[in-house]
>>> print(open('query-v4.csv').read())   # CSV, C-alpha atoms
chain,number,residue,atom,x,y,z
A,201,LYS,CA,-20.8,-4.6,-14.4
A,202,GLN,CA,-20.8,-8.0,-12.6
A,203,GLU,CA,-21.6,-7.9,-8.9
A,204,VAL,CA,-21.4,-10.9,-6.7
A,205,THR,CA,-23.0,-11.1,-3.3
A,206,GLN,CA,-22.9,-13.8,-0.7
A,207,ILE,CA,-25.5,-14.4,2.0
A,208,PRO,CA,-25.2,-14.8,5.0
A,209,ALA,CA,-22.1,-12.8,5.7
A,210,ALA,CA,-21.4,-14.9,8.8
A,211,LEU,CA,-22.8,-18.1,10.1
A,212,SER,CA,-22.3,-20.1,13.3
A,213,VAL,CA,-23.7,-23.6,13.6
A,214,PRO,CA,-23.2,-26.6,15.9
A,215,GLU,CA,-21.3,-29.5,14.6
A,216,GLY,CA,-23.2,-32.0,12.5
A,217,GLU,CA,-25.6,-29.5,10.9
A,218,ASN,CA,-26.2,-29.4,7.1
A,219,LEU,CA,-25.9,-25.9,5.8
A,220,VAL,CA,-26.3,-23.9,2.7
A,221,LEU,CA,-24.2,-20.9,1.6
A,222,ASN,CA,-25.6,-18.6,-1.1
A,223,CYS,CA,-23.9,-16.7,-3.9
A,224,SER,CA,-25.8,-14.3,-6.2
A,225,PHE,CA,-24.5,-12.6,-9.4
A,226,THR,CA,-26.0,-9.9,-11.5
A,227,ASP,CA,-24.7,-10.9,-15.0
A,228,SER,CA,-25.6,-14.4,-16.2
A,229,ALA,CA,-23.0,-14.3,-19.1
A,230,ILE,CA,-20.5,-16.3,-17.2
A,231,TYR,CA,-18.0,-19.0,-18.2
A,232,ASN,CA,-17.9,-20.8,-14.9
A,233,LEU,CA,-18.4,-20.3,-11.1
A,234,GLN,CA,-15.8,-21.4,-8.5
A,235,TRP,CA,-16.1,-21.9,-4.8
A,236,PHE,CA,-13.1,-21.5,-2.5
A,237,ARG,CA,-12.4,-21.6,1.2
A,238,GLN,CA,-9.9,-19.4,2.9
A,239,ASP,CA,-8.4,-20.0,6.3
A,240,PRO,CA,-7.3,-16.9,8.3
A,241,GLY,CA,-4.1,-15.4,7.0
A,242,LYS,CA,-3.9,-18.0,4.2
A,243,GLY,CA,-4.5,-18.3,0.5
A,244,LEU,CA,-7.4,-19.8,-1.4
A,245,THR,CA,-8.3,-23.5,-1.6
A,246,SER,CA,-10.4,-24.3,-4.6
A,247,LEU,CA,-13.4,-26.5,-3.6
A,248,LEU,CA,-15.6,-26.8,-6.7
A,249,LEU,CA,-15.7,-25.5,-10.2
A,250,ILE,CA,-19.0,-25.4,-12.1
A,251,GLN,CA,-18.8,-24.7,-15.8
A,252,SER,CA,-21.6,-22.6,-17.3
A,253,SER,CA,-23.1,-25.6,-19.0
A,254,GLN,CA,-23.3,-27.6,-15.8
A,255,ARG,CA,-25.9,-27.6,-13.0
A,256,GLU,CA,-24.0,-29.0,-10.1
A,257,GLN,CA,-20.7,-30.5,-8.9
A,258,THR,CA,-20.0,-32.7,-5.9
A,259,SER,CA,-16.9,-33.4,-3.9
A,260,GLY,CA,-17.2,-35.5,-0.7
A,261,ARG,CA,-19.6,-33.6,1.7
A,262,LEU,CA,-19.8,-30.6,-0.6
A,263,ASN,CA,-22.3,-30.0,-3.4
A,264,ALA,CA,-22.5,-26.9,-5.4
A,265,SER,CA,-25.3,-26.0,-7.8
A,266,LEU,CA,-25.6,-23.3,-10.4
A,267,ASP,CA,-28.7,-21.6,-11.8
A,268,LYS,CA,-27.4,-19.1,-14.4
A,269,SER,CA,-30.9,-17.8,-15.4
A,270,SER,CA,-31.6,-16.7,-11.8
A,271,GLY,CA,-28.0,-15.7,-11.1
A,272,ARG,CA,-27.6,-18.0,-8.2
A,273,SER,CA,-25.3,-20.7,-6.9
A,274,THR,CA,-25.5,-22.6,-3.6
A,275,LEU,CA,-22.8,-24.5,-1.7
A,276,TYR,CA,-24.2,-27.3,0.4
A,277,ILE,CA,-22.1,-28.7,3.2
A,278,ALA,CA,-23.3,-31.9,4.8
A,279,ALA,CA,-22.6,-32.9,8.3
A,280,SER,CA,-20.5,-29.9,9.1
A,281,GLN,CA,-17.3,-30.3,11.2
A,282,PRO,CA,-15.2,-27.8,13.2
A,283,GLY,CA,-12.6,-28.2,10.5
A,284,ASP,CA,-15.0,-26.6,8.1
A,285,SER,CA,-14.6,-23.3,9.9
A,286,ALA,CA,-13.3,-20.8,7.4
A,287,THR,CA,-14.4,-18.1,5.0
A,288,TYR,CA,-16.1,-19.3,1.9
A,289,LEU,CA,-15.8,-17.3,-1.3
A,290,CYS,CA,-17.5,-17.7,-4.6
A,291,ALA,CA,-16.1,-16.2,-7.8
A,292,THR,CA,-17.5,-16.0,-11.3
A,293,GLY,CA,-17.2,-14.2,-14.6
A,294,THR,CA,-15.9,-14.7,-18.1
A,295,TYR,CA,-12.2,-14.7,-18.6
A,296,LYS,CA,-11.7,-12.8,-15.4
A,297,TYR,CA,-13.3,-13.4,-12.0
A,298,ILE,CA,-15.3,-11.2,-9.7
A,299,PHE,CA,-15.2,-12.4,-6.1
A,300,GLY,CA,-18.2,-12.4,-3.7
A,301,THR,CA,-18.2,-10.8,-0.4
A,302,GLY,CA,-17.6,-14.0,1.5
A,303,THR,CA,-19.4,-16.0,4.2
A,304,ARG,CA,-17.5,-16.6,7.5
A,305,LEU,CA,-18.4,-20.0,8.8
A,306,LYS,CA,-17.8,-21.2,12.3
A,307,VAL,CA,-18.7,-24.7,13.2
A,308,LEU,CA,-18.9,-25.3,17.0
A,309,ALA,CA,-17.8,-28.5,18.5
B,201,GLY,CA,-0.9,-30.4,-11.7
B,202,ALA,CA,-1.7,-26.7,-12.1
B,203,VAL,CA,0.5,-25.4,-9.3
B,204,VAL,CA,1.1,-21.7,-8.9
B,205,SER,CA,3.8,-20.3,-6.6
B,206,GLN,CA,4.5,-16.9,-5.3
B,207,HIS,CA,7.7,-15.4,-3.9
B,208,PRO,CA,8.1,-14.1,-1.3
B,209,SER,CA,5.4,-15.3,1.0
B,210,TRP,CA,5.8,-12.2,3.1
B,211,VAL,CA,7.8,-9.1,2.9
B,212,ILE,CA,8.3,-6.0,5.0
B,213,CYS,CA,9.6,-2.8,3.4
B,214,LYS,CA,10.0,0.8,4.3
B,215,SER,CA,7.8,3.5,3.0
B,216,GLY,CA,9.1,5.0,-0.3
B,217,THR,CA,10.9,1.8,-1.5
B,218,SER,CA,9.8,-0.6,-4.2
B,219,VAL,CA,9.1,-4.3,-3.8
B,220,LYS,CA,8.7,-7.0,-6.4
B,221,ILE,CA,6.5,-10.0,-6.1
B,222,GLU,CA,6.9,-13.0,-8.4
B,223,CYS,CA,4.1,-15.4,-9.6
B,224,ARG,CA,5.2,-18.6,-11.3
B,225,SER,CA,3.2,-21.4,-12.9
B,226,LEU,CA,5.3,-24.5,-12.0
B,227,ASP,CA,3.9,-27.2,-14.2
B,228,PHE,CA,2.0,-25.5,-17.0
B,229,GLN,CA,2.2,-22.6,-19.3
B,230,ALA,CA,0.0,-19.7,-18.2
B,231,THR,CA,-1.7,-17.8,-21.1
B,232,THR,CA,-3.1,-15.3,-18.7
B,233,MET,CA,-2.2,-14.3,-15.2
B,234,PHE,CA,-4.2,-12.2,-12.7
B,235,TRP,CA,-3.3,-10.1,-9.7
B,236,TYR,CA,-5.6,-9.6,-6.8
B,237,ARG,CA,-5.4,-7.6,-3.6
B,238,GLN,CA,-7.1,-8.4,-0.4
B,239,PHE,CA,-7.4,-6.1,2.6
B,240,PRO,CA,-8.1,-7.4,6.1
B,241,LYS,CA,-11.6,-8.9,6.4
B,242,GLN,CA,-12.4,-8.1,2.8
B,243,SER,CA,-12.8,-10.1,-0.3
B,244,LEU,CA,-10.4,-10.3,-3.2
B,245,MET,CA,-10.3,-7.4,-5.6
B,246,LEU,CA,-8.9,-7.9,-9.1
B,247,MET,CA,-6.1,-5.4,-9.8
B,248,ALA,CA,-5.0,-6.4,-13.3
B,249,THR,CA,-4.9,-9.0,-16.0
B,250,SER,CA,-1.7,-9.8,-17.9
B,251,ASN,CA,-0.9,-11.8,-21.0
B,252,GLU,CA,2.6,-12.9,-21.9
B,253,GLY,CA,4.3,-10.3,-24.0
B,254,SER,CA,1.5,-7.8,-23.7
B,255,LYS,CA,0.8,-4.8,-21.5
B,256,ALA,CA,-1.3,-5.5,-18.5
B,257,THR,CA,-4.9,-4.4,-18.4
B,258,TYR,CA,-5.7,-2.6,-15.1
B,259,GLU,CA,-9.0,-2.5,-13.3
B,260,GLN,CA,-10.6,0.9,-12.7
B,261,GLY,CA,-9.0,2.7,-9.8
B,262,VAL,CA,-5.7,0.8,-9.9
B,263,GLU,CA,-2.7,3.0,-10.6
B,264,LYS,CA,-0.7,1.4,-13.4
B,265,ASP,CA,2.4,3.5,-12.6
B,266,LYS,CA,2.3,2.4,-9.0
B,267,PHE,CA,1.7,-1.3,-9.6
B,268,LEU,CA,3.9,-2.4,-12.4
B,269,ILE,CA,3.2,-5.7,-13.9
B,270,ASN,CA,5.5,-7.6,-16.2
B,271,HIS,CA,4.6,-10.9,-17.9
B,272,ALA,CA,7.8,-11.8,-19.5
B,273,SER,CA,7.3,-15.5,-20.1
B,274,LEU,CA,4.5,-18.1,-20.1
B,275,THR,CA,5.5,-19.1,-16.6
B,276,LEU,CA,6.3,-15.9,-14.8
B,277,SER,CA,4.6,-12.6,-14.0
B,278,THR,CA,5.9,-10.0,-11.6
B,279,LEU,CA,4.1,-7.3,-9.7
B,280,THR,CA,6.2,-4.4,-8.5
B,281,VAL,CA,4.8,-2.0,-6.0
B,282,THR,CA,6.7,1.3,-6.5
B,283,SER,CA,7.1,4.0,-3.9
B,284,ALA,CA,5.2,1.9,-1.4
B,285,HIS,CA,3.1,3.5,1.3
B,286,PRO,CA,1.6,2.0,4.4
B,287,GLU,CA,-1.8,1.9,2.7
B,288,ASP,CA,-0.4,-0.5,0.2
B,289,SER,CA,0.0,-3.0,3.0
B,290,SER,CA,-2.2,-5.9,1.9
B,291,PHE,CA,-2.3,-9.6,0.8
B,292,TYR,CA,-1.5,-9.9,-2.9
B,293,ILE,CA,-2.6,-13.1,-4.6
B,294,CYS,CA,-1.9,-14.1,-8.2
B,295,SER,CA,-3.7,-16.7,-10.4
B,296,ALA,CA,-3.2,-18.2,-13.8
B,297,THR,CA,-5.2,-19.9,-16.5
B,298,ARG,CA,-3.7,-22.8,-18.4
B,299,THR,CA,-5.0,-22.3,-22.0
B,300,SER,CA,-7.0,-19.7,-23.8
B,301,ALA,CA,-10.0,-22.1,-23.9
B,302,GLU,CA,-10.0,-22.9,-20.2
B,303,TYR,CA,-11.1,-20.3,-17.7
B,304,GLU,CA,-10.5,-22.0,-14.4
B,305,GLN,CA,-8.0,-20.0,-12.4
B,306,TYR,CA,-5.3,-21.6,-10.3
B,307,PHE,CA,-4.3,-19.5,-7.4
B,308,GLY,CA,-0.9,-18.9,-5.7
B,309,PRO,CA,-0.6,-18.9,-1.9
B,310,GLY,CA,-0.4,-15.1,-1.7
B,311,THR,CA,2.2,-12.6,-0.5
B,312,ARG,CA,1.7,-10.5,2.6
B,313,LEU,CA,3.2,-7.0,2.2
B,314,THR,CA,3.7,-4.8,5.1
B,315,VAL,CA,4.9,-1.2,4.5
B,316,THR,CA,6.3,0.5,7.6
>>> encode(input="query-v4.csv", output="structure tokens")
Amino acid sequence: KQEVTQIPAALSVPEGENLVLNCSFTDSAIYNLQWFRQDPGKGLTSLLLIQSSQREQTSGRLNASLDKSSGRSTLYIAASQPGDSATYLCATGTYKYIFGTGTRLKVLA
Amino acid sequence: GAVVSQHPSWVICKSGTSVKIECRSLDFQATTMFWYRQFPKQSLMLMATSNEGSKATYEQGVEKDKFLINHASLTLSTLTVTSAHPEDSSFYICSATRTSAEYEQYFGPGTRLTVT
């Protein structure tokens, strides 16, 4: 049974810092891994999708990497801004997703 | 492209009544739709997977007689919460995949259900 864990559970950083969010999964037989952000009381915003054959994806200040063999993905956020404050979720699996536990990020101005 | 809508965005109902939530893919045909539930300060939990014209597959611990899912067309799936109780109050989110060969999920904006 797939289990997805995110570390840290919460993170508070000053504006401008580069930061790394971690996502670990127990079953490497995945089709893809997707990163989302969720603002309080809102739905999900898809950030990056990494297919199982890919190693990384980039969008603006975001870079996500995938290491299937070790069951890990990282989301790198460069030059963090207060607007990045949100909960970040990773999800992975085969035809269906299992979501991680989430990382609540607060970027201080 | 790949937009998914949900209706309503929020609903309040009385305990013991039923409420229906719609999930639509607006610009693509969805081969598979998923329903998730999210309690406050928790992550999303998959409730069920549905394919058009087939019975939904429910995750362990989800009552199929309480959460009725109908996937009547390639663009519409509905979730009906029957005999709702306050503990059913939650954020319900649906998602859809475009083809059987593509597994990226496109998520709706969610429906907040409050049972009084």
>>> closest_atom_pairs(input="query-v4.csv", of="chain A", to="chain B", cutoff="9 Å", atoms="all atoms listed in the file", output="tab-separated table")
residue	atom	partner	partner_atom	distance
A:Tyr231	CA	B:Tyr303	CA	7.0
A:Asn232	CA	B:Tyr303	CA	7.4
A:Leu233	CA	B:Glu304	CA	8.7
A:Gln234	CA	B:Glu304	CA	8.0
A:Gly241	CA	B:Phe291	CA	8.7
A:Lys242	CA	B:Pro309	CA	7.0
A:Gly243	CA	B:Pro309	CA	4.6
A:Leu244	CA	B:Phe307	CA	6.8
A:Thr245	CA	B:Phe307	CA	8.1
A:Ser246	CA	B:Tyr306	CA	8.1
A:Leu249	CA	B:Glu304	CA	7.5
A:Gln251	CA	B:Glu304	CA	8.8
A:Leu289	CA	B:Ser243	CA	7.9
A:Thr294	CA	B:Tyr303	CA	7.4
A:Tyr295	CA	B:Tyr303	CA	5.8
A:Lys296	CA	B:Thr249	CA	7.8
A:Tyr297	CA	B:Leu246	CA	7.6
A:Ile298	CA	B:Leu246	CA	7.2
A:Phe299	CA	B:Leu244	CA	6.0
A:Gly300	CA	B:Ser243	CA	6.8
A:Thr301	CA	B:Ser243	CA	5.4
A:Gly302	CA	B:Ser243	CA	6.4
>>> closest_residue(input="query-v4.csv", among="A:Leu262, A:Leu305, A:Val204, A:Ile250", to="Asp227 of chain A", atoms="all atoms listed in the file")
A:Val204
>>> residues_around(input="query-v4.csv", residues="Phe267 of chain B", least_positions_apart="4", cutoff="9 Å", atoms="only C-alpha atoms", output="PyMOL selection string")
chain B and resi 247+262-263+279-282
>>> residues_around(input="query-v4.csv", residues="Thr231 of chain B", least_positions_apart="5", cutoff="10 Å", atoms="only C-alpha atoms", output="JSON, numbers by chain")
{"B": [250, 251, 252, 271, 273, 274, 275, 296, 297, 298, 299, 300, 301, 302]}
>>> write_last_selection(input="query-v4.csv", atoms="C-alpha atoms", output="compact mmCIF listing (two decimals), in the frame of the given file")
# COMPACT_ATOMS: atom_id res chain seq x y z
CA SER B 250 -1.70 -9.80 -17.90
CA ASN B 251 -0.90 -11.80 -21.00
CA GLU B 252 2.60 -12.90 -21.90
CA HIS B 271 4.60 -10.90 -17.90
CA SER B 273 7.30 -15.50 -20.10
CA LEU B 274 4.50 -18.10 -20.10
CA THR B 275 5.50 -19.10 -16.60
CA ALA B 296 -3.20 -18.20 -13.80
CA THR B 297 -5.20 -19.90 -16.50
CA ARG B 298 -3.70 -22.80 -18.40
CA THR B 299 -5.00 -22.30 -22.00
CA SER B 300 -7.00 -19.70 -23.80
CA ALA B 301 -10.00 -22.10 -23.90
CA GLU B 302 -10.00 -22.90 -20.20
>>> residues_around(input="query-v4.csv", residues="Thr303 of chain A", least_positions_apart="4", cutoff="9 Å", atoms="all atoms listed in the file", output="PyMOL selection string")
chain A and resi 206-211+221-222+286-289
>>> closest_residue(input="query-v4.csv", among="B:Ser283, B:Ser209, B:Gln260, B:Ser295", to="Arg224 of chain B", atoms="all atoms listed in the file")
B:Ser295
>>> atom_distance(input="query-v4.csv", atom1="atom CA of Ser205 of chain B", atom2="atom CA of Cys223 of chain A")
28.1 Å
>>> residues_around(input="query-v4.csv", residues="Ile277 of chain A", least_positions_apart="4", cutoff="6 Å", atoms="all atoms listed in the file", output="ChimeraX atom specification")
/A:218-219,261-262
>>> closest_residue(input="query-v4.csv", among="A:Asp267, A:Thr226, A:Val307, A:Asp284", to="Gln238 of chain A", atoms="only C-alpha atoms")
A:Asp284
>>> atom_distance(input="query-v4.csv", atom1="atom CA of Val213 of chain A", atom2="atom CA of Thr292 of chain A")
26.8 Å
>>> residues_around(input="query-v4.csv", residues="Ala309 of chain A", least_positions_apart="4", cutoff="9 Å", atoms="only C-alpha atoms", output="ChimeraX atom specification")
/A:214-216,281-282
>>> atom_distance(input="query-v4.csv", atom1="atom CA of Val220 of chain A", atom2="atom CA of Ser259 of chain A")
14.9 Å
>>> closest_residue(input="query-v4.csv", among="A:Ser228, A:Pro240, A:Arg304, A:Ser265", to="Lys201 of chain A", atoms="only C-alpha atoms")
A:Ser228
>>> closest_residue(input="query-v4.csv", among="B:Pro286, B:Gly253, B:Pro208, B:Gly261", to="Lys220 of chain B", atoms="all atoms listed in the file")
B:Pro208
>>> decode(input="query-v4.csv", residues="segment 233-263 of chain B", atoms="N, CA, C and O atoms", output="PDB file, in the first residue's frame")
ATOM      1  N   MET B 233     -12.934   9.654 -13.253  1.00  0.00           N
ATOM      2  CA  MET B 233     -13.091  10.738 -12.288  1.00  0.00           C
ATOM      3  C   MET B 233     -12.863  10.201 -10.886  1.00  0.00           C
ATOM      4  O   MET B 233     -13.145   9.020 -10.611  1.00  0.00           O
ATOM      5  N   PHE B 234     -12.342  11.039 -10.037  1.00  0.00           N
ATOM      6  CA  PHE B 234     -12.014  10.659  -8.669  1.00  0.00           C
ATOM      7  C   PHE B 234     -12.699  11.621  -7.701  1.00  0.00           C
ATOM      8  O   PHE B 234     -12.855  12.807  -7.994  1.00  0.00           O
ATOM      9  N   TRP B 235     -13.062  11.096  -6.554  1.00  0.00           N
ATOM     10  CA  TRP B 235     -13.630  11.920  -5.497  1.00  0.00           C
ATOM     11  C   TRP B 235     -12.746  11.822  -4.256  1.00  0.00           C
ATOM     12  O   TRP B 235     -12.388  10.713  -3.818  1.00  0.00           O
ATOM     13  N   TYR B 236     -12.401  12.996  -3.709  1.00  0.00           N
ATOM     14  CA  TYR B 236     -11.576  13.079  -2.523  1.00  0.00           C
ATOM     15  C   TYR B 236     -12.337  13.829  -1.433  1.00  0.00           C
ATOM     16  O   TYR B 236     -13.233  14.629  -1.703  1.00  0.00           O
ATOM     17  N   ARG B 237     -11.927  13.594  -0.200  1.00  0.00           N
ATOM     18  CA  ARG B 237     -12.481  14.302   0.940  1.00  0.00           C
ATOM     19  C   ARG B 237     -11.316  14.870   1.741  1.00  0.00           C
ATOM     20  O   ARG B 237     -10.278  14.204   1.894  1.00  0.00           O
ATOM     21  N   GLN B 238     -11.488  16.083   2.232  1.00  0.00           N
ATOM     22  CA  GLN B 238     -10.435  16.719   3.025  1.00  0.00           C
ATOM     23  C   GLN B 238     -11.050  17.327   4.275  1.00  0.00           C
ATOM     24  O   GLN B 238     -11.863  18.253   4.185  1.00  0.00           O
ATOM     25  N   PHE B 239     -10.647  16.824   5.431  1.00  0.00           N
ATOM     26  CA  PHE B 239     -11.061  17.396   6.706  1.00  0.00           C
ATOM     27  C   PHE B 239     -10.096  18.511   7.072  1.00  0.00           C
ATOM     28  O   PHE B 239      -8.966  18.567   6.576  1.00  0.00           O
ATOM     29  N   PRO B 240     -10.539  19.434   7.950  1.00  0.00           N
ATOM     30  CA  PRO B 240      -9.701  20.592   8.295  1.00  0.00           C
ATOM     31  C   PRO B 240      -8.305  20.189   8.740  1.00  0.00           C
ATOM     32  O   PRO B 240      -8.125  19.266   9.526  1.00  0.00           O
ATOM     33  N   LYS B 241      -7.334  20.886   8.206  1.00  0.00           N
ATOM     34  CA  LYS B 241      -5.929  20.706   8.521  1.00  0.00           C
ATOM     35  C   LYS B 241      -5.414  19.293   8.205  1.00  0.00           C
ATOM     36  O   LYS B 241      -4.413  18.854   8.777  1.00  0.00           O
ATOM     37  N   GLN B 242      -6.100  18.598   7.318  1.00  0.00           N
ATOM     38  CA  GLN B 242      -5.630  17.291   6.894  1.00  0.00           C
ATOM     39  C   GLN B 242      -5.424  17.275   5.389  1.00  0.00           C
ATOM     40  O   GLN B 242      -5.825  18.203   4.674  1.00  0.00           O
ATOM     41  N   SER B 243      -4.807  16.223   4.914  1.00  0.00           N
ATOM     42  CA  SER B 243      -4.575  16.100   3.487  1.00  0.00           C
ATOM     43  C   SER B 243      -5.801  15.505   2.802  1.00  0.00           C
ATOM     44  O   SER B 243      -6.804  15.202   3.436  1.00  0.00           O
ATOM     45  N   LEU B 244      -5.714  15.356   1.496  1.00  0.00           N
ATOM     46  CA  LEU B 244      -6.819  14.778   0.745  1.00  0.00           C
ATOM     47  C   LEU B 244      -6.808  13.260   0.860  1.00  0.00           C
ATOM     48  O   LEU B 244      -5.746  12.635   0.772  1.00  0.00           O
ATOM     49  N   MET B 245      -7.989  12.693   1.028  1.00  0.00           N
ATOM     50  CA  MET B 245      -8.123  11.248   1.086  1.00  0.00           C
ATOM     51  C   MET B 245      -9.014  10.793  -0.069  1.00  0.00           C
ATOM     52  O   MET B 245     -10.130  11.294  -0.225  1.00  0.00           O
ATOM     53  N   LEU B 246      -8.527   9.869  -0.862  1.00  0.00           N
ATOM     54  CA  LEU B 246      -9.307   9.360  -1.975  1.00  0.00           C
ATOM     55  C   LEU B 246     -10.498   8.565  -1.453  1.00  0.00           C
ATOM     56  O   LEU B 246     -10.342   7.690  -0.588  1.00  0.00           O
ATOM     57  N   MET B 247     -11.678   8.891  -1.969  1.00  0.00           N
ATOM     58  CA  MET B 247     -12.889   8.171  -1.562  1.00  0.00           C
ATOM     59  C   MET B 247     -13.227   7.077  -2.579  1.00  0.00           C
ATOM     60  O   MET B 247     -13.547   5.955  -2.207  1.00  0.00           O
ATOM     61  N   ALA B 248     -13.211   7.454  -3.859  1.00  0.00           N
ATOM     62  CA  ALA B 248     -13.654   6.502  -4.863  1.00  0.00           C
ATOM     63  C   ALA B 248     -13.171   6.913  -6.235  1.00  0.00           C
ATOM     64  O   ALA B 248     -12.839   8.078  -6.483  1.00  0.00           O
ATOM     65  N   THR B 249     -13.139   5.922  -7.116  1.00  0.00           N
ATOM     66  CA  THR B 249     -12.765   6.115  -8.513  1.00  0.00           C
ATOM     67  C   THR B 249     -13.944   5.712  -9.371  1.00  0.00           C
ATOM     68  O   THR B 249     -14.558   4.649  -9.117  1.00  0.00           O
ATOM     69  N   SER B 250     -14.281   6.515 -10.366  1.00  0.00           N
ATOM     70  CA  SER B 250     -15.416   6.142 -11.208  1.00  0.00           C
ATOM     71  C   SER B 250     -15.062   6.267 -12.682  1.00  0.00           C
ATOM     72  O   SER B 250     -14.348   7.173 -13.094  1.00  0.00           O
ATOM     73  N   ASN B 251     -15.558   5.322 -13.451  1.00  0.00           N
ATOM     74  CA  ASN B 251     -15.432   5.337 -14.901  1.00  0.00           C
ATOM     75  C   ASN B 251     -16.821   5.425 -15.504  1.00  0.00           C
ATOM     76  O   ASN B 251     -17.770   4.842 -14.970  1.00  0.00           O
ATOM     77  N   GLU B 252     -16.933   6.132 -16.615  1.00  0.00           N
ATOM     78  CA  GLU B 252     -18.225   6.338 -17.242  1.00  0.00           C
ATOM     79  C   GLU B 252     -18.913   5.017 -17.546  1.00  0.00           C
ATOM     80  O   GLU B 252     -18.298   4.122 -18.149  1.00  0.00           O
ATOM     81  N   GLY B 253     -20.134   4.908 -17.075  1.00  0.00           N
ATOM     82  CA  GLY B 253     -20.929   3.725 -17.353  1.00  0.00           C
ATOM     83  C   GLY B 253     -20.645   2.538 -16.458  1.00  0.00           C
ATOM     84  O   GLY B 253     -21.280   1.491 -16.612  1.00  0.00           O
ATOM     85  N   SER B 254     -19.727   2.679 -15.525  1.00  0.00           N
ATOM     86  CA  SER B 254     -19.385   1.577 -14.630  1.00  0.00           C
ATOM     87  C   SER B 254     -19.668   1.954 -13.178  1.00  0.00           C
ATOM     88  O   SER B 254     -19.775   3.137 -12.850  1.00  0.00           O
ATOM     89  N   LYS B 255     -19.732   0.943 -12.348  1.00  0.00           N
ATOM     90  CA  LYS B 255     -19.893   1.214 -10.920  1.00  0.00           C
ATOM     91  C   LYS B 255     -18.595   1.767 -10.361  1.00  0.00           C
ATOM     92  O   LYS B 255     -17.495   1.365 -10.766  1.00  0.00           O
ATOM     93  N   ALA B 256     -18.723   2.648  -9.407  1.00  0.00           N
ATOM     94  CA  ALA B 256     -17.545   3.247  -8.798  1.00  0.00           C
ATOM     95  C   ALA B 256     -16.812   2.235  -7.923  1.00  0.00           C
ATOM     96  O   ALA B 256     -17.421   1.307  -7.378  1.00  0.00           O
ATOM     97  N   THR B 257     -15.518   2.411  -7.814  1.00  0.00           N
ATOM     98  CA  THR B 257     -14.691   1.604  -6.921  1.00  0.00           C
ATOM     99  C   THR B 257     -14.368   2.435  -5.700  1.00  0.00           C
ATOM    100  O   THR B 257     -13.754   3.502  -5.817  1.00  0.00           O
ATOM    101  N   TYR B 258     -14.782   1.956  -4.545  1.00  0.00           N
ATOM    102  CA  TYR B 258     -14.623   2.722  -3.316  1.00  0.00           C
ATOM    103  C   TYR B 258     -13.375   2.287  -2.558  1.00  0.00           C
ATOM    104  O   TYR B 258     -13.023   1.101  -2.553  1.00  0.00           O
ATOM    105  N   GLU B 259     -12.724   3.248  -1.906  1.00  0.00           N
ATOM    106  CA  GLU B 259     -11.574   2.928  -1.066  1.00  0.00           C
ATOM    107  C   GLU B 259     -12.056   2.282   0.229  1.00  0.00           C
ATOM    108  O   GLU B 259     -13.213   2.432   0.642  1.00  0.00           O
ATOM    109  N   GLN B 260     -11.133   1.572   0.829  1.00  0.00           N
ATOM    110  CA  GLN B 260     -11.456   0.892   2.073  1.00  0.00           C
ATOM    111  C   GLN B 260     -11.927   1.890   3.114  1.00  0.00           C
ATOM    112  O   GLN B 260     -11.310   2.941   3.308  1.00  0.00           O
ATOM    113  N   GLY B 261     -13.014   1.566   3.759  1.00  0.00           N
ATOM    114  CA  GLY B 261     -13.542   2.413   4.814  1.00  0.00           C
ATOM    115  C   GLY B 261     -14.566   3.429   4.355  1.00  0.00           C
ATOM    116  O   GLY B 261     -15.157   4.114   5.193  1.00  0.00           O
ATOM    117  N   VAL B 262     -14.771   3.554   3.069  1.00  0.00           N
ATOM    118  CA  VAL B 262     -15.775   4.489   2.549  1.00  0.00           C
ATOM    119  C   VAL B 262     -17.067   3.727   2.302  1.00  0.00           C
ATOM    120  O   VAL B 262     -17.083   2.726   1.584  1.00  0.00           O
ATOM    121  N   GLU B 263     -18.163   4.197   2.886  1.00  0.00           N
ATOM    122  CA  GLU B 263     -19.448   3.516   2.771  1.00  0.00           C
ATOM    123  C   GLU B 263     -20.088   3.800   1.421  1.00  0.00           C
ATOM    124  O   GLU B 263     -20.521   4.928   1.150  1.00  0.00           O
TER     125      GLU B 263
END
